[in-house]
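K.L.:
Here you go, this is start.txt (compact mmCIF, C-alpha atoms).
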# COMPACT_ATOMS: atom_id res chain seq x y z
CA MET Q 1 -71.54 87.71 149.39
CA SER Q 2 -72.34 85.72 146.29
CA PHE Q 3 -71.99 88.59 143.81
CA ASP Q 4 -69.52 91.37 144.38
CA VAL Q 5 -69.56 93.73 141.43
CA ASP Q 6 -68.00 97.14 140.92
CA ILE Q 7 -67.48 97.99 137.27
CA ALA Q 8 -67.71 100.70 134.66
CA LEU Q 9 -67.77 100.43 130.91
CA LYS Q 10 -68.47 102.62 127.93
CA ARG Q 11 -71.18 101.31 125.67
CA GLY Q 12 -72.73 103.17 122.77
CA GLY Q 13 -71.33 106.53 123.82
CA ARG Q 14 -72.41 106.43 127.47
CA THR Q 15 -71.00 105.01 130.63
CA ILE Q 16 -72.61 102.13 132.44
CA ALA Q 17 -71.46 101.89 136.01
CA ALA Q 18 -72.64 99.59 138.77
CA ARG Q 19 -71.53 98.76 142.26
CA PHE Q 20 -73.37 96.23 144.36
CA ALA Q 21 -72.91 93.27 146.63
CA ALA Q 22 -75.59 90.62 146.62
CA PRO Q 23 -76.30 87.96 149.27
CA GLU Q 24 -77.31 84.36 148.64
CA GLY Q 25 -80.38 83.59 146.57
CA LEU Q 26 -81.87 85.47 143.67
CA THR Q 27 -80.85 89.07 143.13
CA ALA Q 28 -82.81 91.09 140.62
CA LEU Q 29 -81.31 93.86 138.54
CA PHE Q 30 -84.32 96.04 137.98
CA GLY Q 31 -84.61 99.02 135.69
CA ALA Q 32 -86.03 100.45 132.50
CA SER Q 33 -85.14 99.02 129.09
CA GLY Q 34 -81.86 100.38 127.83
CA ALA Q 35 -80.44 101.00 131.31
CA GLY Q 36 -77.60 98.59 130.61
CA LYS Q 37 -78.89 95.57 132.52
CA THR Q 38 -78.03 93.08 129.78
CA SER Q 39 -74.61 94.67 129.37
CA LEU Q 40 -74.03 94.09 133.09
CA LEU Q 41 -74.84 90.38 132.75
CA ASP Q 42 -72.58 90.14 129.70
CA VAL Q 43 -69.80 91.72 131.75
CA VAL Q 44 -70.26 89.21 134.57
CA ALA Q 45 -70.30 86.35 132.01
CA GLY Q 46 -67.13 87.66 130.37
CA LEU Q 47 -68.76 88.40 127.01
CA LEU Q 48 -68.13 92.13 127.46
CA ARG Q 49 -64.99 93.59 128.97
CA PRO Q 50 -65.49 96.48 131.38
CA ASP Q 51 -63.09 99.41 131.24
CA ARG Q 52 -62.24 98.99 134.89
CA GLY Q 53 -63.45 97.42 138.07
CA ARG Q 54 -63.72 94.13 139.87
CA ILE Q 55 -66.11 91.17 139.74
CA ALA Q 56 -66.12 88.34 142.23
CA VAL Q 57 -68.72 85.59 142.54
CA ALA Q 58 -68.88 83.33 145.60
CA GLY Q 59 -65.34 84.31 146.52
CA THR Q 60 -63.81 83.67 143.08
CA VAL Q 61 -62.40 86.73 141.33
CA LEU Q 62 -63.52 86.72 137.68
CA PHE Q 63 -62.25 90.17 136.73
CA ASP Q 64 -59.99 92.67 138.40
CA SER Q 65 -58.52 95.41 136.27
CA ALA Q 66 -56.11 96.47 139.02
CA ALA Q 67 -54.73 92.95 139.45
CA GLY Q 68 -54.82 92.17 135.71
CA ILE Q 69 -57.31 89.31 136.13
CA ASP Q 70 -59.76 88.65 133.30
CA LEU Q 71 -61.03 85.08 133.08
CA PRO Q 72 -62.40 84.13 129.63
CA PRO Q 73 -66.11 83.22 129.59
CA GLU Q 74 -65.40 79.49 129.34
CA ALA Q 75 -63.45 79.61 132.63
CA ARG Q 76 -66.12 81.46 134.64
CA ALA Q 77 -68.52 78.53 135.15
CA CYS Q 78 -71.59 80.65 134.74
CA GLY Q 79 -74.92 79.37 133.50
CA TYR Q 80 -76.34 82.10 131.31
CA VAL Q 81 -80.03 81.92 130.33
CA PHE Q 82 -80.55 84.41 127.54
CA GLN Q 83 -83.68 86.39 126.78
CA ASP Q 84 -84.00 84.69 123.39
CA GLY Q 85 -82.94 81.19 124.48
CA ARG Q 86 -80.07 81.06 122.01
CA LEU Q 87 -80.28 77.32 121.48
CA PHE Q 88 -77.94 76.01 118.81
CA PRO Q 89 -80.23 75.70 115.76
CA HIS Q 90 -78.17 72.94 114.12
CA ARG Q 91 -78.32 70.58 117.10
CA THR Q 92 -81.11 68.57 118.68
CA VAL Q 93 -82.47 69.43 122.12
CA ARG Q 94 -80.46 66.55 123.59
CA GLU Q 95 -77.24 67.82 122.00
CA ASN Q 96 -78.00 71.35 123.17
CA LEU Q 97 -78.50 70.09 126.72
CA LEU Q 98 -75.27 68.10 126.67
CA PHE Q 99 -73.13 70.80 125.01
CA GLY Q 100 -71.91 72.35 128.26
CA TRP Q 101 -72.12 69.12 130.26
CA ARG Q 102 -69.58 67.42 128.00
CA LEU Q 103 -67.20 70.37 128.35
CA ALA Q 104 -67.49 70.67 132.13
CA PRO Q 105 -64.82 69.02 134.29
CA THR Q 106 -66.24 65.91 135.95
CA ALA Q 107 -65.95 67.48 139.41
CA ARG Q 108 -68.21 70.36 138.39
CA ARG Q 109 -71.03 68.24 136.95
CA TRP Q 110 -73.54 68.30 139.76
CA MET Q 111 -76.43 67.22 137.54
CA VAL Q 112 -76.86 64.58 134.85
CA LEU Q 113 -79.11 64.67 131.80
CA ASP Q 114 -81.84 62.48 133.32
CA GLU Q 115 -82.10 64.69 136.40
CA ALA Q 116 -82.30 67.88 134.36
CA VAL Q 117 -84.88 66.34 132.04
CA ALA Q 118 -87.04 65.23 134.98
CA PHE Q 119 -86.57 68.55 136.81
CA LEU Q 120 -87.75 70.54 133.79
CA GLY Q 121 -90.21 68.04 132.29
CA ILE Q 122 -88.62 68.06 128.83
CA GLY Q 123 -88.19 64.34 128.19
CA HIS Q 124 -90.53 64.37 125.22
CA LEU Q 125 -88.49 67.11 123.50
CA LEU Q 126 -85.05 65.46 123.41
CA ALA Q 127 -85.07 64.45 119.75
CA ARG Q 128 -86.57 67.71 118.48
CA MET Q 129 -84.76 70.55 116.72
CA PRO Q 130 -84.92 73.94 118.49
CA ARG Q 131 -86.90 75.62 115.70
CA THR Q 132 -89.82 73.27 116.39
CA LEU Q 133 -90.10 74.27 120.07
CA SER Q 134 -92.57 76.76 121.51
CA GLY Q 135 -91.22 79.73 123.47
CA GLY Q 136 -91.82 78.07 126.84
CA GLU Q 137 -90.27 74.78 125.74
CA ALA Q 138 -87.21 76.54 124.34
CA GLN Q 139 -86.74 78.50 127.56
CA ARG Q 140 -86.94 75.32 129.67
CA VAL Q 141 -84.34 73.67 127.44
CA ALA Q 142 -82.15 76.79 127.74
CA ILE Q 143 -82.38 76.61 131.55
CA GLY Q 144 -81.53 72.91 131.39
CA ARG Q 145 -78.54 73.56 129.15
CA ALA Q 146 -77.25 76.16 131.60
CA LEU Q 147 -77.75 73.91 134.64
CA LEU Q 148 -76.06 70.94 132.98
CA SER Q 149 -72.91 72.95 132.24
CA GLY Q 150 -72.11 72.70 135.96
CA PRO Q 151 -72.37 76.40 136.76
CA ARG Q 152 -71.37 77.94 140.07
CA PHE Q 153 -73.91 80.73 139.53
CA LEU Q 154 -76.69 81.63 137.11
CA LEU Q 155 -77.34 84.72 135.02
CA MET Q 156 -80.88 85.16 133.70
CA ASP Q 157 -81.75 87.89 131.23
CA GLU Q 158 -85.52 88.46 131.16
CA PRO Q 159 -86.19 84.73 130.64
CA LEU Q 160 -89.97 85.32 130.76
CA SER Q 161 -90.28 88.27 128.40
CA SER Q 162 -91.08 86.29 125.25
CA LEU Q 163 -93.73 84.10 126.91
CA ASP Q 164 -97.49 84.32 127.34
CA HIS Q 165 -99.08 84.40 130.79
CA ALA Q 166 -99.49 80.64 131.29
CA ARG Q 167 -95.92 79.92 130.20
CA ARG Q 168 -94.62 82.68 132.46
CA GLU Q 169 -96.18 81.00 135.49
CA GLU Q 170 -94.66 77.69 134.51
CA ILE Q 171 -91.13 79.04 133.97
CA MET Q 172 -91.36 81.19 137.11
CA ALA Q 173 -92.11 78.03 139.10
CA VAL Q 174 -89.05 76.40 137.54
CA ILE Q 175 -86.88 79.38 138.50
CA GLU Q 176 -88.20 79.26 142.08
CA ARG Q 177 -87.22 75.61 142.29
CA VAL Q 178 -83.74 76.37 140.91
CA ARG Q 179 -83.44 79.09 143.55
CA ASP Q 180 -84.76 77.03 146.48
CA GLU Q 181 -83.76 73.44 145.69
CA LEU Q 182 -80.46 73.93 143.89
CA ARG Q 183 -79.43 76.95 145.97
CA LEU Q 184 -77.44 78.59 143.19
CA PRO Q 185 -76.72 82.32 143.35
CA ILE Q 186 -78.77 83.93 140.59
CA LEU Q 187 -78.45 87.36 139.02
CA TYR Q 188 -81.77 88.07 137.36
CA VAL Q 189 -82.55 90.92 134.98
CA SER Q 190 -86.09 92.20 134.57
CA HIS Q 191 -88.15 95.31 134.01
CA ASP Q 192 -91.33 93.70 135.40
CA ARG Q 193 -92.07 94.74 138.98
CA GLY Q 194 -94.38 91.79 139.73
CA GLU Q 195 -91.84 89.26 138.54
CA VAL Q 196 -89.11 90.86 140.62
CA ASP Q 197 -91.28 91.07 143.77
CA ARG Q 198 -92.13 87.39 143.55
CA LEU Q 199 -88.70 85.98 142.74
CA ALA Q 200 -86.04 88.22 144.20
CA GLY Q 201 -84.53 88.25 147.65
CA GLN Q 202 -82.82 91.51 146.85
CA VAL Q 203 -83.52 94.13 144.21
CA ILE Q 204 -80.86 96.39 142.77
CA ALA Q 205 -82.07 99.33 140.74
CA ILE Q 206 -80.03 99.93 137.62
CA GLY Q 207 -80.02 103.42 136.22
CA GLU Q 208 -79.32 106.71 137.99
CA GLN Q 209 -79.35 105.15 141.47
CA ALA Q 210 -76.70 102.56 140.70
CA ALA Q 211 -74.38 104.91 138.88
CA ARG Q 212 -71.28 105.93 140.72
CA PRO Q 213 -71.32 109.47 142.09
CA MET N 1 -73.88 60.96 68.81
CA ALA N 2 -70.64 58.97 68.89
CA PRO N 3 -69.30 57.88 72.27
CA LEU N 4 -66.42 59.79 73.82
CA SER N 5 -62.97 58.97 72.43
CA PRO N 6 -60.02 58.16 74.73
CA GLU N 7 -58.60 61.63 74.01
CA GLU N 8 -61.88 63.21 75.10
CA TRP N 9 -61.95 61.15 78.30
CA GLY N 10 -58.41 62.41 78.87
CA ILE N 11 -59.59 65.99 78.45
CA ILE N 12 -62.38 65.44 81.00
CA ALA N 13 -59.99 63.80 83.45
CA LEU N 14 -57.53 66.68 83.07
CA SER N 15 -60.29 69.24 83.58
CA LEU N 16 -61.47 67.51 86.75
CA LYS N 17 -57.88 67.28 88.02
CA VAL N 18 -57.15 70.95 87.29
CA SER N 19 -60.40 72.18 88.84
CA GLY N 20 -60.21 69.83 91.81
CA VAL N 21 -56.66 70.85 92.68
CA ALA N 22 -57.50 74.51 92.09
CA ILE N 23 -60.52 74.46 94.41
CA LEU N 24 -58.97 72.40 97.19
CA GLY N 25 -55.81 74.48 97.03
CA ALA N 26 -57.77 77.73 97.11
CA LEU N 27 -60.13 76.58 99.90
CA PRO N 28 -57.94 77.45 102.93
CA LEU N 29 -56.94 80.80 101.41
CA ALA N 30 -60.53 81.60 100.42
CA PHE N 31 -61.87 80.75 103.87
CA GLY N 32 -59.12 82.74 105.56
CA LEU N 33 -59.82 85.78 103.38
CA ALA N 34 -63.57 85.38 103.89
CA TRP N 35 -63.01 85.29 107.65
CA LEU N 36 -60.77 88.38 107.57
CA LEU N 37 -63.27 90.31 105.48
CA ALA N 38 -66.25 89.19 107.56
CA ARG N 39 -64.79 89.55 111.05
CA GLY N 40 -61.53 91.48 110.78
CA ARG N 41 -61.13 95.13 111.60
CA PHE N 42 -57.88 96.44 110.20
CA PRO N 43 -56.62 99.28 108.03
CA GLY N 44 -56.53 98.37 104.36
CA LYS N 45 -59.58 96.11 104.54
CA VAL N 46 -61.20 97.92 101.60
CA LEU N 47 -58.01 97.46 99.60
CA LEU N 48 -57.87 93.73 100.39
CA ASP N 49 -61.53 93.40 99.43
CA ALA N 50 -60.84 95.10 96.09
CA LEU N 51 -57.76 92.95 95.46
CA VAL N 52 -59.70 89.72 96.12
CA HIS N 53 -62.40 90.79 93.69
CA LEU N 54 -59.99 91.91 90.98
CA PRO N 55 -60.08 88.66 88.95
CA LEU N 56 -63.86 88.99 88.82
CA VAL N 57 -63.76 92.36 87.06
CA LEU N 58 -60.48 92.27 85.11
CA PRO N 59 -60.50 90.85 81.58
CA PRO N 60 -59.31 87.22 82.12
CA VAL N 61 -56.57 87.78 79.54
CA VAL N 62 -55.13 90.50 81.76
CA THR N 63 -55.26 88.20 84.79
CA GLY N 64 -53.43 85.56 82.73
CA TRP N 65 -50.79 88.07 81.71
CA LEU N 66 -50.32 89.22 85.34
CA LEU N 67 -49.93 85.56 86.36
CA LEU N 68 -47.31 85.21 83.65
CA LEU N 69 -45.43 88.19 85.06
CA ALA N 70 -45.63 86.94 88.64
CA PHE N 71 -45.41 83.15 88.27
CA GLY N 72 -43.46 82.81 85.00
CA PRO N 73 -39.86 81.56 85.10
CA GLN N 74 -38.62 85.16 85.47
CA GLY N 75 -41.39 86.27 87.84
CA PRO N 76 -40.59 86.78 91.54
CA ALA N 77 -43.21 84.28 92.80
CA GLY N 78 -42.37 81.81 90.03
CA ARG N 79 -38.67 81.84 90.86
CA LEU N 80 -39.33 81.52 94.59
CA LEU N 81 -41.63 78.50 94.17
CA ALA N 82 -39.25 76.84 91.67
CA ASP N 83 -36.29 77.26 94.04
CA THR N 84 -38.03 76.22 97.25
CA LEU N 85 -40.64 73.63 96.20
CA GLY N 86 -39.49 72.76 92.67
CA LEU N 87 -42.94 73.89 91.52
CA THR N 88 -43.12 75.33 87.99
CA PHE N 89 -46.22 76.55 86.18
CA LEU N 90 -45.44 77.54 82.60
CA PHE N 91 -47.06 75.23 79.99
CA ARG N 92 -47.98 72.79 82.77
CA TRP N 93 -51.26 71.61 84.27
CA THR N 94 -50.18 73.15 87.59
CA GLY N 95 -50.30 76.53 85.82
CA ALA N 96 -53.80 75.79 84.55
CA ALA N 97 -54.81 74.93 88.14
CA LEU N 98 -53.26 78.17 89.41
CA ALA N 99 -55.13 80.23 86.82
CA ALA N 100 -58.37 78.41 87.65
CA ALA N 101 -57.83 78.96 91.38
CA VAL N 102 -57.20 82.70 90.95
CA MET N 103 -60.30 83.08 88.80
CA ALA N 104 -62.45 81.06 91.24
CA LEU N 105 -61.18 82.79 94.37
CA PRO N 106 -63.47 85.87 94.35
CA LEU N 107 -66.62 83.75 94.04
CA MET N 108 -65.46 81.40 96.80
CA VAL N 109 -64.55 84.25 99.15
CA ARG N 110 -67.84 86.00 98.45
CA ALA N 111 -70.02 83.00 99.24
CA MET N 112 -68.05 82.10 102.36
CA ARG N 113 -67.91 85.68 103.62
CA LEU N 114 -71.68 86.07 103.37
CA SER N 115 -72.24 82.83 105.25
CA ILE N 116 -69.78 83.80 108.01
CA GLU N 117 -71.46 87.19 108.33
CA ALA N 118 -74.84 85.45 108.61
CA VAL N 119 -73.76 83.43 111.67
CA ASP N 120 -75.42 84.82 114.79
CA ARG N 121 -72.48 85.82 116.98
CA ARG N 122 -74.66 85.65 120.07
CA LEU N 123 -74.67 81.87 119.59
CA GLU N 124 -70.89 81.96 119.83
CA GLY N 125 -71.22 83.89 123.09
CA ALA N 126 -73.61 81.23 124.37
CA ALA N 127 -71.09 78.51 123.50
CA ARG N 128 -68.34 80.38 125.36
CA THR N 129 -70.43 80.64 128.54
CA LEU N 130 -71.09 76.90 128.28
CA GLY N 131 -67.38 76.20 128.54
CA ALA N 132 -66.20 76.14 124.91
CA GLY N 133 -62.96 77.93 124.12
CA PRO N 134 -62.58 79.99 120.93
CA TRP N 135 -61.46 77.04 118.78
CA ARG N 136 -64.14 74.66 119.98
CA THR N 137 -66.70 77.41 119.48
CA PHE N 138 -65.48 77.81 115.91
CA PHE N 139 -65.68 74.11 115.08
CA ALA N 140 -68.88 73.33 117.01
CA VAL N 141 -70.93 76.44 116.22
CA THR N 142 -69.49 78.86 113.65
CA LEU N 143 -68.27 76.42 111.03
CA PRO N 144 -71.37 74.18 110.97
CA LEU N 145 -73.62 77.23 110.71
CA ALA N 146 -71.48 78.68 107.90
CA MET N 147 -71.20 75.32 106.12
CA PRO N 148 -73.93 75.87 103.50
CA GLY N 149 -72.03 78.95 102.30
CA VAL N 150 -68.69 77.13 102.33
CA LEU N 151 -70.15 74.34 100.19
CA ALA N 152 -71.82 76.85 97.89
CA GLY N 153 -68.45 78.59 97.55
CA LEU N 154 -66.77 75.32 96.65
CA VAL N 155 -69.34 74.53 93.98
CA LEU N 156 -69.35 78.02 92.52
CA GLY N 157 -65.56 77.92 92.43
CA PHE N 158 -65.61 74.50 90.80
CA ALA N 159 -68.06 75.62 88.15
CA ARG N 160 -66.02 78.75 87.53
CA SER N 161 -62.75 76.84 87.16
CA ILE N 162 -64.26 74.14 84.92
CA GLY N 163 -65.21 76.96 82.56
CA GLU N 164 -61.98 78.96 82.84
CA PHE N 165 -60.62 79.97 79.44
CA GLY N 166 -58.97 83.38 79.07
CA ALA N 167 -56.50 83.40 81.94
CA THR N 168 -55.53 79.78 81.30
CA ILE N 169 -54.79 80.13 77.59
CA THR N 170 -52.85 83.36 78.21
CA PHE N 171 -50.83 81.97 81.10
CA VAL N 172 -50.07 78.37 80.10
CA SER N 173 -51.17 78.19 76.43
CA ASN N 174 -53.26 75.36 74.93
CA ILE N 175 -51.24 72.15 75.14
CA PRO N 176 -53.11 68.84 74.62
CA GLY N 177 -52.69 66.51 77.58
CA GLU N 178 -51.16 69.22 79.77
CA THR N 179 -53.20 72.43 79.76
CA GLU N 180 -56.01 71.69 77.31
CA THR N 181 -59.06 71.67 79.58
CA LEU N 182 -62.67 71.37 78.37
CA PRO N 183 -63.22 74.96 77.19
CA LEU N 184 -59.83 75.04 75.45
CA ALA N 185 -60.57 71.72 73.77
CA ILE N 186 -63.97 73.00 72.61
CA TYR N 187 -62.25 76.09 71.22
CA SER N 188 -59.66 73.92 69.42
CA ALA N 189 -62.32 71.61 67.98
CA LEU N 190 -64.18 74.63 66.65
CA GLN N 191 -61.10 75.62 64.64
CA VAL N 192 -60.96 72.22 62.88
CA PRO N 193 -63.24 71.56 59.87
CA GLY N 194 -65.68 68.76 60.79
CA GLY N 195 -65.08 69.19 64.53
CA GLU N 196 -68.73 69.95 65.28
CA SER N 197 -69.58 66.55 66.75
CA ALA N 198 -66.57 66.74 69.11
CA VAL N 199 -67.72 70.22 70.13
CA ALA N 200 -71.21 68.93 70.84
CA ARG N 201 -69.94 66.02 72.92
CA LEU N 202 -67.59 68.17 75.01
CA ALA N 203 -70.20 70.88 75.44
CA LEU N 204 -72.66 68.26 76.69
CA VAL N 205 -70.05 67.03 79.17
CA SER N 206 -69.61 70.61 80.41
CA VAL N 207 -73.33 70.97 80.96
CA VAL N 208 -73.52 67.65 82.80
CA LEU N 209 -70.60 68.56 85.09
CA SER N 210 -72.07 71.96 85.93
CA VAL N 211 -75.53 70.58 86.68
CA ALA N 212 -74.05 67.74 88.76
CA ALA N 213 -72.09 70.28 90.80
CA LEU N 214 -75.22 72.32 91.44
CA VAL N 215 -77.25 69.29 92.49
CA ALA N 216 -74.43 68.05 94.75
CA SER N 217 -74.18 71.39 96.49
CA GLU N 218 -77.92 71.71 97.01
CA THR N 219 -78.01 68.23 98.53
CA LEU N 220 -75.00 68.82 100.77
CA ALA N 221 -76.19 72.23 101.88
CA ARG N 222 -79.61 70.87 102.77
CA ARG N 223 -78.10 68.09 104.84
CA GLY N 224 -75.32 70.19 106.40
CA GLY N 225 -77.54 73.12 107.18
CA ALA N 226 -80.46 71.09 108.50
CA GLY N 227 -82.53 73.16 110.87
CA THR N 228 -80.83 76.45 110.13
CA ARG N 229 -81.87 77.89 106.81
CA ALA N 230 -82.25 76.85 103.22
CA GLY N 231 -78.83 76.23 101.72
CA GLY N 232 -77.85 76.86 98.15
CA PHE N 233 -77.26 79.90 96.08
CA GLY N 234 -80.16 82.17 96.82
CA HIS N 235 -78.19 84.09 99.42
CA VAL N 236 -75.00 84.17 97.37
CA LEU N 237 -75.98 85.38 93.93
What would you get if you wrote out this structure as structure tokens?
P.N.:
Amino acid sequence: MSFDVDIALKRGGRTIAARFAAPEGLTALFGASGAGKTSLLDVVAGLLRPDRGRIAVAGTVLFDSAAGIDLPPEARACGYVFQDGRLFPHRTVRENLLFGWRLAPTARRWMVLDEAVAFLGIGHLLARMPRTLSGGEAQRVAIGRALLSGPRFLLMDEPLSSLDHARREEIMAVIERVRDELRLPILYVSHDRGEVDRLAGQVIAIGEQAARP
Amino acid sequence: MAPLSPEEWGIIALSLKVSGVAILGALPLAFGLAWLLARGRFPGKVLLDALVHLPLVLPPVVTGWLLLLAFGPQGPAGRLLADTLGLTFLFRWTGAALAAAVMALPLMVRAMRLSIEAVDRRLEGAARTLGAGPWRTFFAVTLPLAMPGVLAGLVLGFARSIGEFGATITFVSNIPGETETLPLAIYSALQVPGGESAVARLALVSVVLSVAALVASETLARRGGAGTRAGGFGHVL
């Protein structure tokens, strides 16, 4: 199993609970807005601490409240593509792309800048500042930044939601290539049925169905 | 207008020394307090906030008198610093720097706190997932994004301490060559018949210093905060 998640946390006065095991490939967390999908990704990334539970990805335990394991985000080797891109506004595209790459141990760097740039077609953007990018350009750079940090798995939080139709097609094609050519386990959050049907190998409904009995 | 006399150059040099030492000495404390107030969650935060802002609302003479009580030869802090570091304040330029630092602190904390609060914490989360530990995240993301406010705080503090009068004259008196900074010298010159031209010269110097500080900060903030937001004072005052 690439993702093995069983957690519960209190957030804004209610309990978010999820238990699922996901196989290889792209697994979609599907559900209405406000169901706690983003919180779940933050928990897997280590940005939010669950009250209890266990998270393992590709055999590595990231969190286990019973065993007292809680790896900090920087030790989890996850590539997180945020809904809003979250590029560093004070750094150029090139510096954004290399931020995680420079911090990754050499053994974990399975991609270099030139490969990522060619893969995503962003060579002409390298010297630009993030505020000058369009939504689609920023999202491609964000995917590149995540890939270059040498992740063992990817988390994607509605990466298409801020894009128009043409850009959505383009980024969806990029995500399919990440899924098929790079063969990284991906946890993908969406509330768009069409997107999920096209991309996901497995769909996990978040909401009442995923809550623990 | 006559050129500046050697004594007047001395007054300017002393003012710059006092303000420079005051601001650089207060910087770590101001940033630490700004961080605590922006990010900390602890009991007594409201009290700390009030305490930091006290010099802003108290009559400066009262602040000077409190400094005298605390840092004078008989004061607890004064005795401690004299015994451990050999640092004394009374009637010395170090006392003028201390008074200037205390008076500048609220403005510095305020500017820095606002800029720390304005940093998007989700960017820090992004840095963590990319492999940066808390310290690297601070130096690579938080501090650069807060830099316009830090610089604005430095300049506001500098301008405030260049103009400090009440606390200084109460705490360390008005001693030429030791504690007589620009405002004190202007005050002294006003007391002397025929001192008007000296007053005009020193006042002009004060204006030039203040404007230069403003221009320097605008320039630095624009360069340091490139790509983020307009630097400067708009978001502070």
K.L.:
List the neighbours of stretch 172-180 of chain N out to 8 Å using only C-alpha atoms; skip same-chain residues closer than 4 positions along the sequence, and give me the result as a ChimeraX atom specification.
P.N.:
/N:10-11,14-15,89-93,95-96,168,184-185
K.L.:
Could you jot down the atom CA of Q:Leu9 to atom CA of Q:Ile55 separation for me, Å, one decimal place?
P.N.:
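Computing the Euclidean distance for atom CA of Q:Leu9 and atom CA of Q:Ile55 yields 12.9 Å.
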K.L.:
Please provide the set of residues having any atom within 6 Å of Q:Thr92, restricted to all atoms listed in the file, with same-chain residues fewer than 4 positions apart removed, written as an MDAnalysis selection string.
P.N.:
chainID Q and resid 127:129
K.L.:
Go ahead and write the residues just picked, C-alpha atoms, as an mmCIF file, keeping the file's coordinate frame.
P.N.:
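Result went into selection37.cif, see below:
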data_model
loop_
_atom_site.group_PDB
_atom_site.id
_atom_site.type_symbol
_atom_site.label_atom_id
_atom_site.label_comp_id
_atom_site.auth_asym_id
_atom_site.auth_seq_id
_atom_site.Cartn_x
_atom_site.Cartn_y
_atom_site.Cartn_z
ATOM 1 C CA ALA Q 127 -85.070 64.450 119.750
ATOM 2 C CA ARG Q 128 -86.570 67.710 118.480
ATOM 3 C CA MET Q 129 -84.760 70.550 116.720
#
K.L.:
To one decimal place in Å, what is the distance between atom CA of Q:Asp51 and atom CA of Q:Ser190?
P.N.:
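Atom CA of Q:Ser190 lies at a distance of 24.3 Å from atom CA of Q:Asp51.
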K.L.:
Can you work out which one of N:Ser115, N:Leu190, N:Pro73, N:Ala126 has the shortest atom-to-atom distance to N:Ala203, counting only C-alpha atoms?
P.N.:
N:Leu190
K.L.:
Listing only residues of chain Q within 7 Å of chain N, what is the closest atom pair and its distance in Å (to one decimal) for each, using all atoms listed in the file, sorted by chain and residue number ascending, as JSON lines?
P.N.:
{"residue": "Q:Ala45", "atom": "CA", "partner": "N:Thr129", "partner_atom": "CA", "distance": 6.7}
{"residue": "Q:Leu47", "atom": "CA", "partner": "N:Gly125", "partner_atom": "CA", "distance": 6.5}
{"residue": "Q:Pro73", "atom": "CA", "partner": "N:Thr129", "partner_atom": "CA", "distance": 5.1}
{"residue": "Q:Glu74", "atom": "CA", "partner": "N:Gly131", "partner_atom": "CA", "distance": 3.9}
{"residue": "Q:Ala75", "atom": "CA", "partner": "N:Gly131", "partner_atom": "CA", "distance": 6.6}
{"residue": "Q:Cys78", "atom": "CA", "partner": "N:Thr129", "partner_atom": "CA", "distance": 6.3}
{"residue": "Q:Gly79", "atom": "CA", "partner": "N:Thr129", "partner_atom": "CA", "distance": 6.8}
{"residue": "Q:Tyr80", "atom": "CA", "partner": "N:Thr129", "partner_atom": "CA", "distance": 6.7}
{"residue": "Q:Arg86", "atom": "CA", "partner": "N:Leu123", "partner_atom": "CA", "distance": 6.0}
{"residue": "Q:Phe88", "atom": "CA", "partner": "N:Leu123", "partner_atom": "CA", "distance": 6.8}
{"residue": "Q:Pro89", "atom": "CA", "partner": "N:Thr228", "partner_atom": "CA", "distance": 5.7}
{"residue": "Q:His90", "atom": "CA", "partner": "N:Gly227", "partner_atom": "CA", "distance": 5.4}
{"residue": "Q:Gly100", "atom": "CA", "partner": "N:Leu130", "partner_atom": "CA", "distance": 4.6}
{"residue": "Q:Leu103", "atom": "CA", "partner": "N:Gly131", "partner_atom": "CA", "distance": 5.8}
{"residue": "Q:Ala104", "atom": "CA", "partner": "N:Gly131", "partner_atom": "CA", "distance": 6.6}
{"residue": "Q:Met129", "atom": "CA", "partner": "N:Gly227", "partner_atom": "CA", "distance": 6.8}
{"residue": "Q:Arg131", "atom": "CA", "partner": "N:Gly227", "partner_atom": "CA", "distance": 7.0}
{"residue": "Q:Ser149", "atom": "CA", "partner": "N:Leu130", "partner_atom": "CA", "distance": 5.9}
K.L.:
Find, counting all atoms listed in the file, the residue in Q:Gly201, Q:Gly13, Q:Gly144, Q:Gly135 that gets nearest to Q:Asp180.
P.N.:
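Using all atoms listed in the file, Q:Asp180 sits closest to Q:Gly201.
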K.L.:
Under the rule that all atoms listed in the file are counted, which of Q:Thr38, Q:Ser65, Q:Ser161, Q:Gln202 is the nearest residue to Q:Asp84?
P.N.:
Q:Ser161
